[in-house]
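Structure first, then comments.
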Amino acid sequence: MATFISVPLKKSSEVDLVKPLWKFVTATYPPGEEQAEYLRAVEEVNKLRKSALGRPLDKHESSLEILLRYYDQLCSIEPKFPFPELCLTFTWRDAFDKGSLFGGSVKLALASIGYEKTCVLFNVGALASQIAAEQNLDNDEGLKAAAKFYQLASGAFAHIKDTVLSALNREPTMDISPETVGTLSQIMLSQAQEVFVLKATADKMKDAIIAKLANQAADYYGDAFKQCQYKENLPKYFYFQEVLPVLAAKHCMMQATAELHQSTLANQKKKFGEEIARLQHATELVKTAASRYDEYVNVKDLSDKINRALTAAKKDNDFIYHDRVPEVKDLEHIGKASLVKATAVQTPLSQKFTDLFEKMVPMAVQQSVSTANSRKADTVNRLIGSMREATNLCNGVLASLNLPAALEDLSGEAVPQSILEKSRAVVQQGGLQSIEQLIKDLPELLTRNREILDESLKMLDGEETTDNELRAKFNQRWSRTPSGDLYKPLRAEGTNYRNILDKAVQADQVVKERYNAHCEMIALLCKSESELSAAIPSANPAQTLQGSEVVNVLRAQLAQLDEVKREREVMEGEIKSVTFDMTTKFLTALAQDGAINEEVLTSSELDTRYGSHTQRVQQNLRRQEELLSQIQVSHQEFSALKQSNSEANNREDVLKKLASAHDSYIEISSNIREGTKFYNDLTEILLKFQNKCSDIVFARKTERDELLKELQQSIAREPSAPSFSVPSYQSNTPAPASSGPSPAPRTVFNPQQPQGKPQPPARPPPPNIAPQAASTSVPVNAPMAPSSTNPPPVAPTGPSQAQGPPYPSYQGYPGYYQMPVTYNPYAYGQFNMPYMPYQAQGQAGYPVGPPAQQPYPYPQQPPQQPYYPQ
């Protein structure tokens, strides 16, 4: 009947998926069996892309299966890999590019997995349309397969129409624009309905059913035809030369088919006039298709069938029934029945699909787990921090009261046992030398991190500067995403790291100031017992407090306070040992709701895991607060019993400073070690950040080089000067009719052309023409013969003088019109040219018809045509 429309495939440039995906897997998952499995899966995905896009595909279902598997795999890995951070750039050519069936732009490169999915799905629809067009429609299996593939193609294009703008976040190329794919979807649906018309006809179904199916197909083709009439929908080559005539022809043929079968139904109902009217209408539709679109469709079989039916119906009605033939507009409308529906795109599309990354959790779950771990760390740090803060407060209060050293120093001579223990603890941890070495290393670690961060941001700055320069140079032609927009997340991340380093510098300064304040006493604690005893002033109390009730109460309270601190150490270990994994809960929530409410789920789990620990910590802190109040009261009574003198006060001050120095040493040492660990951990993070910046800059450089190459080729193809056409009078060979507009025909009234060389009369004086301008007109007089039957023609407005004879004829001579008053062939001054009388073969003075069998040096036109366009 008619050829079916198929869509060409898009072509993609080669992309290496292995390197960026490999980097992510090795950076995210520790070495082991799981990592090795994911790395093997990465290799398989890269091979699958090469099979689907790296070679020509046969118009067979096996090739379509490869495309479907690759599309399903893309949908599977999209939520599991951070593609915006991987900077994978996919380059696709327009399917309707110059040289194919359609016309469009060249290609587009985007770092978007959504763009890759859209283009692959376009190829799914295109290949499905090609496979359907190759089916043998003479058998039932071929009809079923064609209908299935056309509906699959329609669904693929419809899905692109709904998702392309959100997937790309920019203006797509013409082939995947919503208008184009929407039209293609309608065309594929129309062809699927036509296949069902063919199947119903082959199955010899009832005429009423076939008429409804054909009428619905005609309606579908009419809708597709209307969509094609918008120039924005499809490129011109596709719109004007191929698809539009086919759609119009098929609309007529399907309508004619519906009228043919509806006429049979009218015959069965004894409505012979309606039968003839419908057959006549069908005949007109077929004639329209044959006369206008014979190049695209073959309507002979359908036309013969309709003509035979119409001849028989007219003969029967003329001789037997004599039924009145109604007008077509008065006929009852034919019903419609649709048996087709665009196949919904629901993954997996392939029945043989196997997820290569089935065990890998989606990025949404990974991000939620990361956020949950941060919330857990905040909870743990808050609890442990509150306990450590309480311990520091307790030590500070006891040091200010010189406890327990005051109870151990009742003799006033020997070094208190608690001070000796503190001295040994400081020496065991390395003493003053270890802290000085750690403090000395901090600036080097800080400098290293700053250099890594600065180098990373410098790479981004350099690439962004180059991009801005090229954008300013090429303006709108530089169509890729601006580097400034693309680097916003990385710059925000870099700013965050810089703020962290600034805060770390401030923390380092606080630690150094505290160290400088206690440096002298810490050095004293590092000395031997004899040196320590000599450095502590001695005092001889006036009375002894051994066995005093106040001393016993203080010792009991201090013992209880030590118990409280040991309890906190135990609780700190228990809090650190709590572990739980939110992955399962997040996966369940994602599967059930399609989204993860991380905050609610994590907060509930943290309350369950740490609720009891929080209560115990609060009770411990309240218990310490009560004991410290009691100790302060008891210490006041103890101080009142002691004899006050300057020696005793000096000794007590030194003992307080030693106790405070010990506590400060422990805290400073802990802070510096944490700072060192912080800088080392930050170095690893910054190195990953540097690699990320390096990768995206390299990808942008590659993309920039490709775009520059395209622009250079485009500029090289552009003409160096405006194009212009050579006037026809400068060429001895007339141009073919199809190459441009036809020249204005010559006006000849005398049909009898002279056989010999004509002898023109002598040149008359110039005509009397009103001046047009002072500088361009010359008044002349010429005899003007009256003309009542031939009015003067209107002069052409365009520059068509070169396409007719060199000089117009006067009306006063036989066979010629009067010269227009707006034209003066003698006024050569207006062109700054000397007058040169024209003389050519077969012509002298004024032009007349060319002689027979003699070439005319200017393009000739058929005779008896007016010189000027009418």
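Order determines the names: the first chain of the structure tokens is A, the second B, and so forth; residues in each chain are numbered 1 upward, and ligands are numbered 1 upward as they are shown.
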
Counting only C-alpha atoms, what is within 12 Å of A:Cys394, bar same-chain residues fewer than 4 positions away, as a PyMOL selection string?
-> chain A and resi 387-390+398-401+403+558+561-562+564-565+621+623-629+631-632+660+663

Non-local contacts of stretch 422-426 of chain A (10 Å; only C-alpha atoms; under 4 positions in same chain excluded) as a list in words = Gln417, Ser418, Gly430, Gly431, Leu432, Ile522, Ala523, Leu524, Leu525, Cys526, Lys527, Ser528, Glu529, Leu532, Leu658, Ala659, Ala661, His662, Asp663, Tyr665, Ile666 and Ser669 of chain A

Hey, which of A:Glu37, A:Glu295, A:Glu14, A:Asp441 ends up closest to A:Ala249? Count only C-alpha atoms.
->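 Ranking A:Glu37, A:Glu295, A:Glu14, A:Asp441 by distance to A:Ala249, first place goes to A:Glu295.
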
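Between A:Gln630 and the residues A:Glu710, A:Leu110, A:Ala556, A:Asp593, the shortest atom-to-atom distance, using only C-alpha atoms, involves A:Ala556.
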
Name all residues at most 12 Å from A:Glu43 (count only C-alpha atoms; drop same-chain ones fewer than 2 positions away) and give them as a PDB file with all heavy atoms, in the first residue's frame.
ATOM      1  N   ASP A  16      34.821   6.527  27.674  1.00  0.00           N
ATOM      2  CA  ASP A  16      35.453   5.551  28.561  1.00  0.00           C
ATOM      3  C   ASP A  16      34.763   5.602  29.925  1.00  0.00           C
ATOM      4  O   ASP A  16      34.941   6.548  30.690  1.00  0.00           O
ATOM      5  CB  ASP A  16      36.944   5.851  28.707  1.00  0.00           C
ATOM      6  CG  ASP A  16      37.645   4.802  29.574  1.00  0.00           C
ATOM      7  OD1 ASP A  16      37.066   3.715  29.780  1.00  0.00           O
ATOM      8  OD2 ASP A  16      38.772   5.065  30.033  1.00  0.00           O
ATOM      9  N   LEU A  17      33.939   4.599  30.201  1.00  0.00           N
ATOM     10  CA  LEU A  17      33.240   4.545  31.489  1.00  0.00           C
ATOM     11  C   LEU A  17      34.103   3.959  32.590  1.00  0.00           C
ATOM     12  O   LEU A  17      33.801   4.134  33.778  1.00  0.00           O
ATOM     13  CB  LEU A  17      31.963   3.702  31.354  1.00  0.00           C
ATOM     14  CG  LEU A  17      30.897   4.194  30.373  1.00  0.00           C
ATOM     15  CD1 LEU A  17      29.750   3.204  30.312  1.00  0.00           C
ATOM     16  CD2 LEU A  17      30.396   5.561  30.761  1.00  0.00           C
ATOM     17  N   VAL A  18      35.173   3.274  32.226  1.00  0.00           N
ATOM     18  CA  VAL A  18      35.938   2.503  33.211  1.00  0.00           C
ATOM     19  C   VAL A  18      36.649   3.412  34.202  1.00  0.00           C
ATOM     20  O   VAL A  18      36.533   3.245  35.428  1.00  0.00           O
ATOM     21  CB  VAL A  18      36.945   1.580  32.494  1.00  0.00           C
ATOM     22  CG1 VAL A  18      37.840   0.889  33.521  1.00  0.00           C
ATOM     23  CG2 VAL A  18      36.211   0.557  31.654  1.00  0.00           C
ATOM     24  N   LYS A  19      37.385   4.385  33.701  1.00  0.00           N
ATOM     25  CA  LYS A  19      38.241   5.186  34.580  1.00  0.00           C
ATOM     26  C   LYS A  19      37.477   5.916  35.682  1.00  0.00           C
ATOM     27  O   LYS A  19      37.791   5.767  36.865  1.00  0.00           O
ATOM     28  CB  LYS A  19      39.053   6.181  33.743  1.00  0.00           C
ATOM     29  CG  LYS A  19      40.030   7.008  34.562  1.00  0.00           C
ATOM     30  CD  LYS A  19      40.836   7.954  33.677  1.00  0.00           C
ATOM     31  CE  LYS A  19      41.793   8.802  34.516  1.00  0.00           C
ATOM     32  NZ  LYS A  19      42.569   9.746  33.666  1.00  0.00           N
ATOM     33  N   PRO A  20      36.432   6.713  35.354  1.00  0.00           N
ATOM     34  CA  PRO A  20      35.739   7.425  36.440  1.00  0.00           C
ATOM     35  C   PRO A  20      34.987   6.499  37.383  1.00  0.00           C
ATOM     36  O   PRO A  20      35.002   6.701  38.606  1.00  0.00           O
ATOM     37  CB  PRO A  20      34.790   8.366  35.689  1.00  0.00           C
ATOM     38  CG  PRO A  20      34.651   7.791  34.335  1.00  0.00           C
ATOM     39  CD  PRO A  20      35.920   7.097  34.032  1.00  0.00           C
ATOM     40  N   LEU A  21      34.329   5.458  36.837  1.00  0.00           N
ATOM     41  CA  LEU A  21      33.604   4.538  37.716  1.00  0.00           C
ATOM     42  C   LEU A  21      34.568   3.722  38.572  1.00  0.00           C
ATOM     43  O   LEU A  21      34.283   3.429  39.746  1.00  0.00           O
ATOM     44  CB  LEU A  21      32.719   3.605  36.873  1.00  0.00           C
ATOM     45  CG  LEU A  21      31.621   4.279  36.032  1.00  0.00           C
ATOM     46  CD1 LEU A  21      30.763   3.237  35.350  1.00  0.00           C
ATOM     47  CD2 LEU A  21      30.769   5.185  36.886  1.00  0.00           C
ATOM     48  N   TRP A  22      35.696   3.373  38.004  1.00  0.00           N
ATOM     49  CA  TRP A  22      36.722   2.641  38.756  1.00  0.00           C
ATOM     50  C   TRP A  22      37.211   3.484  39.930  1.00  0.00           C
ATOM     51  O   TRP A  22      37.374   2.980  41.049  1.00  0.00           O
ATOM     52  CB  TRP A  22      37.863   2.300  37.811  1.00  0.00           C
ATOM     53  CG  TRP A  22      38.922   1.395  38.395  1.00  0.00           C
ATOM     54  CD1 TRP A  22      39.801   1.675  39.395  1.00  0.00           C
ATOM     55  CD2 TRP A  22      39.212   0.055  38.007  1.00  0.00           C
ATOM     56  NE1 TRP A  22      40.619   0.618  39.650  1.00  0.00           N
ATOM     57  CE2 TRP A  22      40.283  -0.396  38.819  1.00  0.00           C
ATOM     58  CE3 TRP A  22      38.687  -0.809  37.055  1.00  0.00           C
ATOM     59  CZ2 TRP A  22      40.818  -1.682  38.695  1.00  0.00           C
ATOM     60  CZ3 TRP A  22      39.228  -2.073  36.932  1.00  0.00           C
ATOM     61  CH2 TRP A  22      40.279  -2.498  37.754  1.00  0.00           C
ATOM     62  N   ALA A  36      36.117  -5.954  44.202  1.00  0.00           N
ATOM     63  CA  ALA A  36      36.488  -6.661  42.976  1.00  0.00           C
ATOM     64  C   ALA A  36      35.253  -6.961  42.119  1.00  0.00           C
ATOM     65  O   ALA A  36      35.300  -6.858  40.886  1.00  0.00           O
ATOM     66  CB  ALA A  36      37.218  -7.956  43.327  1.00  0.00           C
ATOM     67  N   GLU A  37      34.140  -7.292  42.768  1.00  0.00           N
ATOM     68  CA  GLU A  37      32.907  -7.570  42.031  1.00  0.00           C
ATOM     69  C   GLU A  37      32.409  -6.317  41.313  1.00  0.00           C
ATOM     70  O   GLU A  37      32.001  -6.385  40.147  1.00  0.00           O
ATOM     71  CB  GLU A  37      31.840  -8.079  42.993  1.00  0.00           C
ATOM     72  CG  GLU A  37      30.516  -8.411  42.316  1.00  0.00           C
ATOM     73  CD  GLU A  37      29.469  -8.907  43.304  1.00  0.00           C
ATOM     74  OE1 GLU A  37      29.826  -9.094  44.493  1.00  0.00           O
ATOM     75  OE2 GLU A  37      28.310  -9.092  42.897  1.00  0.00           O
ATOM     76  N   TYR A  38      32.472  -5.187  41.982  1.00  0.00           N
ATOM     77  CA  TYR A  38      32.019  -3.936  41.364  1.00  0.00           C
ATOM     78  C   TYR A  38      32.939  -3.517  40.224  1.00  0.00           C
ATOM     79  O   TYR A  38      32.472  -2.972  39.204  1.00  0.00           O
ATOM     80  CB  TYR A  38      31.941  -2.838  42.410  1.00  0.00           C
ATOM     81  CG  TYR A  38      30.859  -3.051  43.442  1.00  0.00           C
ATOM     82  CD1 TYR A  38      30.954  -2.510  44.722  1.00  0.00           C
ATOM     83  CD2 TYR A  38      29.729  -3.813  43.150  1.00  0.00           C
ATOM     84  CE1 TYR A  38      29.971  -2.713  45.675  1.00  0.00           C
ATOM     85  CE2 TYR A  38      28.741  -4.032  44.096  1.00  0.00           C
ATOM     86  CZ  TYR A  38      28.866  -3.475  45.363  1.00  0.00           C
ATOM     87  OH  TYR A  38      27.890  -3.678  46.294  1.00  0.00           O
ATOM     88  N   LEU A  39      34.228  -3.754  40.367  1.00  0.00           N
ATOM     89  CA  LEU A  39      35.159  -3.404  39.293  1.00  0.00           C
ATOM     90  C   LEU A  39      34.910  -4.260  38.054  1.00  0.00           C
ATOM     91  O   LEU A  39      35.001  -3.767  36.922  1.00  0.00           O
ATOM     92  CB  LEU A  39      36.598  -3.561  39.778  1.00  0.00           C
ATOM     93  CG  LEU A  39      37.045  -2.593  40.890  1.00  0.00           C
ATOM     94  CD1 LEU A  39      38.483  -2.872  41.299  1.00  0.00           C
ATOM     95  CD2 LEU A  39      36.908  -1.148  40.429  1.00  0.00           C
ATOM     96  N   ARG A  40      34.600  -5.529  38.261  1.00  0.00           N
ATOM     97  CA  ARG A  40      34.255  -6.382  37.113  1.00  0.00           C
ATOM     98  C   ARG A  40      32.960  -5.896  36.454  1.00  0.00           C
ATOM     99  O   ARG A  40      32.827  -5.911  35.221  1.00  0.00           O
ATOM    100  CB  ARG A  40      34.102  -7.833  37.567  1.00  0.00           C
ATOM    101  CG  ARG A  40      35.403  -8.519  37.927  1.00  0.00           C
ATOM    102  CD  ARG A  40      35.213 -10.030  38.059  1.00  0.00           C
ATOM    103  NE  ARG A  40      34.301 -10.355  39.148  1.00  0.00           N
ATOM    104  CZ  ARG A  40      34.679 -10.594  40.403  1.00  0.00           C
ATOM    105  NH1 ARG A  40      35.977 -10.523  40.716  1.00  0.00           N
ATOM    106  NH2 ARG A  40      33.797 -10.889  41.324  1.00  0.00           N
ATOM    107  N   ALA A  41      32.023  -5.440  37.259  1.00  0.00           N
ATOM    108  CA  ALA A  41      30.765  -4.928  36.712  1.00  0.00           C
ATOM    109  C   ALA A  41      31.003  -3.662  35.886  1.00  0.00           C
ATOM    110  O   ALA A  41      30.342  -3.455  34.863  1.00  0.00           O
ATOM    111  CB  ALA A  41      29.786  -4.647  37.848  1.00  0.00           C
ATOM    112  N   VAL A  45      29.824  -3.045  31.989  1.00  0.00           N
ATOM    113  CA  VAL A  45      29.013  -1.921  31.525  1.00  0.00           C
ATOM    114  C   VAL A  45      29.686  -1.231  30.345  1.00  0.00           C
ATOM    115  O   VAL A  45      29.032  -0.858  29.358  1.00  0.00           O
ATOM    116  CB  VAL A  45      28.769  -0.918  32.675  1.00  0.00           C
ATOM    117  CG1 VAL A  45      28.123   0.359  32.148  1.00  0.00           C
ATOM    118  CG2 VAL A  45      27.882  -1.528  33.728  1.00  0.00           C
ATOM    119  N   ASN A  46      30.993  -1.063  30.420  1.00  0.00           N
ATOM    120  CA  ASN A  46      31.717  -0.425  29.314  1.00  0.00           C
ATOM    121  C   ASN A  46      31.618  -1.270  28.045  1.00  0.00           C
ATOM    122  O   ASN A  46      31.433  -0.735  26.942  1.00  0.00           O
ATOM    123  CB  ASN A  46      33.177  -0.236  29.717  1.00  0.00           C
ATOM    124  CG  ASN A  46      33.903   0.743  28.811  1.00  0.00           C
ATOM    125  OD1 ASN A  46      33.464   1.867  28.614  1.00  0.00           O
ATOM    126  ND2 ASN A  46      35.019   0.311  28.239  1.00  0.00           N
ATOM    127  N   LYS A  47      31.725  -2.588  28.183  1.00  0.00           N
ATOM    128  CA  LYS A  47      31.581  -3.464  27.018  1.00  0.00           C
ATOM    129  C   LYS A  47      30.160  -3.393  26.457  1.00  0.00           C
ATOM    130  O   LYS A  47      29.958  -3.417  25.235  1.00  0.00           O
ATOM    131  CB  LYS A  47      31.921  -4.901  27.403  1.00  0.00           C
ATOM    132  CG  LYS A  47      33.377  -5.131  27.742  1.00  0.00           C
ATOM    133  CD  LYS A  47      33.618  -6.580  28.137  1.00  0.00           C
ATOM    134  CE  LYS A  47      35.082  -6.822  28.524  1.00  0.00           C
ATOM    135  NZ  LYS A  47      35.304  -8.228  28.961  1.00  0.00           N
ATOM    136  N   LEU A  48      29.182  -3.312  27.352  1.00  0.00           N
ATOM    137  CA  LEU A  48      27.788  -3.242  26.905  1.00  0.00           C
ATOM    138  C   LEU A  48      27.530  -1.977  26.109  1.00  0.00           C
ATOM    139  O   LEU A  48      26.810  -1.993  25.103  1.00  0.00           O
ATOM    140  CB  LEU A  48      26.865  -3.313  28.129  1.00  0.00           C
ATOM    141  CG  LEU A  48      25.359  -3.368  27.843  1.00  0.00           C
ATOM    142  CD1 LEU A  48      25.023  -4.582  26.991  1.00  0.00           C
ATOM    143  CD2 LEU A  48      24.577  -3.396  29.152  1.00  0.00           C
ATOM    144  N   ARG A  49      28.116  -0.863  26.518  1.00  0.00           N
ATOM    145  CA  ARG A  49      27.932   0.386  25.763  1.00  0.00           C
ATOM    146  C   ARG A  49      28.561   0.286  24.374  1.00  0.00           C
ATOM    147  O   ARG A  49      27.994   0.753  23.389  1.00  0.00           O
ATOM    148  CB  ARG A  49      28.535   1.567  26.521  1.00  0.00           C
ATOM    149  CG  ARG A  49      28.204   2.906  25.871  1.00  0.00           C
ATOM    150  CD  ARG A  49      28.851   4.088  26.571  1.00  0.00           C
ATOM    151  NE  ARG A  49      28.241   5.336  26.153  1.00  0.00           N
ATOM    152  CZ  ARG A  49      28.564   6.014  25.059  1.00  0.00           C
ATOM    153  NH1 ARG A  49      29.546   5.549  24.266  1.00  0.00           N
ATOM    154  NH2 ARG A  49      27.951   7.131  24.736  1.00  0.00           N
ATOM    155  N   LYS A  50      29.738  -0.313  24.313  1.00  0.00           N
ATOM    156  CA  LYS A  50      30.375  -0.466  23.006  1.00  0.00           C
ATOM    157  C   LYS A  50      29.533  -1.338  22.085  1.00  0.00           C
ATOM    158  O   LYS A  50      29.432  -1.080  20.885  1.00  0.00           O
ATOM    159  CB  LYS A  50      31.773  -1.062  23.173  1.00  0.00           C
ATOM    160  CG  LYS A  50      32.774  -0.102  23.821  1.00  0.00           C
ATOM    161  CD  LYS A  50      34.158  -0.731  23.917  1.00  0.00           C
ATOM    162  CE  LYS A  50      35.158   0.250  24.523  1.00  0.00           C
ATOM    163  NZ  LYS A  50      36.506  -0.337  24.642  1.00  0.00           N
ATOM    164  N   LEU A 356      24.059  -5.567  37.134  1.00  0.00           N
ATOM    165  CA  LEU A 356      25.448  -5.853  37.472  1.00  0.00           C
ATOM    166  C   LEU A 356      25.843  -5.254  38.814  1.00  0.00           C
ATOM    167  O   LEU A 356      26.833  -5.676  39.415  1.00  0.00           O
ATOM    168  CB  LEU A 356      26.368  -5.307  36.374  1.00  0.00           C
ATOM    169  CG  LEU A 356      26.146  -5.880  34.961  1.00  0.00           C
ATOM    170  CD1 LEU A 356      27.027  -5.160  33.951  1.00  0.00           C
ATOM    171  CD2 LEU A 356      26.450  -7.368  34.949  1.00  0.00           C
ATOM    172  N   PHE A 357      25.098  -4.270  39.291  1.00  0.00           N
ATOM    173  CA  PHE A 357      25.404  -3.606  40.566  1.00  0.00           C
ATOM    174  C   PHE A 357      24.253  -3.793  41.554  1.00  0.00           C
ATOM    175  O   PHE A 357      23.878  -2.881  42.276  1.00  0.00           O
ATOM    176  CB  PHE A 357      25.650  -2.116  40.336  1.00  0.00           C
ATOM    177  CG  PHE A 357      26.818  -1.814  39.452  1.00  0.00           C
ATOM    178  CD1 PHE A 357      26.656  -1.704  38.087  1.00  0.00           C
ATOM    179  CD2 PHE A 357      28.083  -1.648  39.986  1.00  0.00           C
ATOM    180  CE1 PHE A 357      27.726  -1.427  37.261  1.00  0.00           C
ATOM    181  CE2 PHE A 357      29.167  -1.372  39.169  1.00  0.00           C
ATOM    182  CZ  PHE A 357      28.981  -1.262  37.805  1.00  0.00           C
TER     183      PHE A 357
END

Counting only C-alpha atoms, the option among A:Tyr220, A:Tyr321, A:Tyr150, A:Trp478 closest to A:Glu703 =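 Residue with the minimum atom-to-atom distance to A:Glu703: A:Trp478.
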
Residue neighbourhood stretch 253-260 of chain A, 8 Å, only C-alpha atoms, exclusion window fewer than 2 positions, as a ChimeraX atom specification = /A:194,210-215,217-218,249-251,262-264,278-279,281-283,285-286,289,299,302,306,334

For A:Leu445, please output as an mmCIF file with C-alpha atoms, in the first residue's frame all residues within 12 Å (counting only C-alpha atoms; exclusion window: fewer than 4 positions along the same chain).
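Generated file (around.cif):
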data_model
loop_
_atom_site.group_PDB
_atom_site.id
_atom_site.type_symbol
_atom_site.label_atom_id
_atom_site.label_comp_id
_atom_site.auth_asym_id
_atom_site.auth_seq_id
_atom_site.Cartn_x
_atom_site.Cartn_y
_atom_site.Cartn_z
ATOM 1 C CA LEU A 438 54.024 17.925 68.338
ATOM 2 C CA ILE A 439 53.573 21.691 68.420
ATOM 3 C CA LYS A 440 56.503 22.063 66.008
ATOM 4 C CA ASP A 441 54.891 19.614 63.525
ATOM 5 C CA ASN A 449 46.993 21.130 53.543
ATOM 6 C CA ARG A 450 46.876 24.757 52.455
ATOM 7 C CA GLU A 451 49.089 24.011 49.457
ATOM 8 C CA ILE A 452 46.876 21.130 48.344
ATOM 9 C CA LEU A 501 41.636 25.288 58.243
ATOM 10 C CA ALA A 504 42.054 24.871 63.123
ATOM 11 C CA VAL A 505 44.634 27.670 63.138
ATOM 12 C CA ASP A 508 46.218 25.728 67.507
ATOM 13 C CA GLY A 675 45.061 18.171 65.921
ATOM 14 C CA THR A 676 47.773 16.079 64.302
ATOM 15 C CA LYS A 677 45.261 13.357 63.467
ATOM 16 C CA PHE A 678 42.873 16.004 62.153
ATOM 17 C CA TYR A 679 45.481 17.445 59.794
ATOM 18 C CA ASN A 680 46.495 13.985 58.543
ATOM 19 C CA ASP A 681 42.875 12.993 57.917
ATOM 20 C CA LEU A 682 42.201 16.307 56.233
ATOM 21 C CA THR A 683 45.186 15.718 53.956
ATOM 22 C CA GLU A 684 43.545 12.551 52.605
#

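Note that the spacing between atom CA of A:Leu486 and atom CA of A:Glu85 amounts to 10.0 Å.
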
Nearest to A:Glu242: which of A:Ile5, A:Cys519, A:Ile384, A:Ala559 is it, counting only C-alpha atoms?
-> A:Ile5

Hey, which of A:Arg498, A:Glu513, A:Ile715, A:Lys359 ends up closest to A:Glu34? Count only C-alpha atoms.
-> A:Lys359

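In this structure, atom CA of A:Leu143 sits 18.4 Å away from atom CA of A:Lys206.
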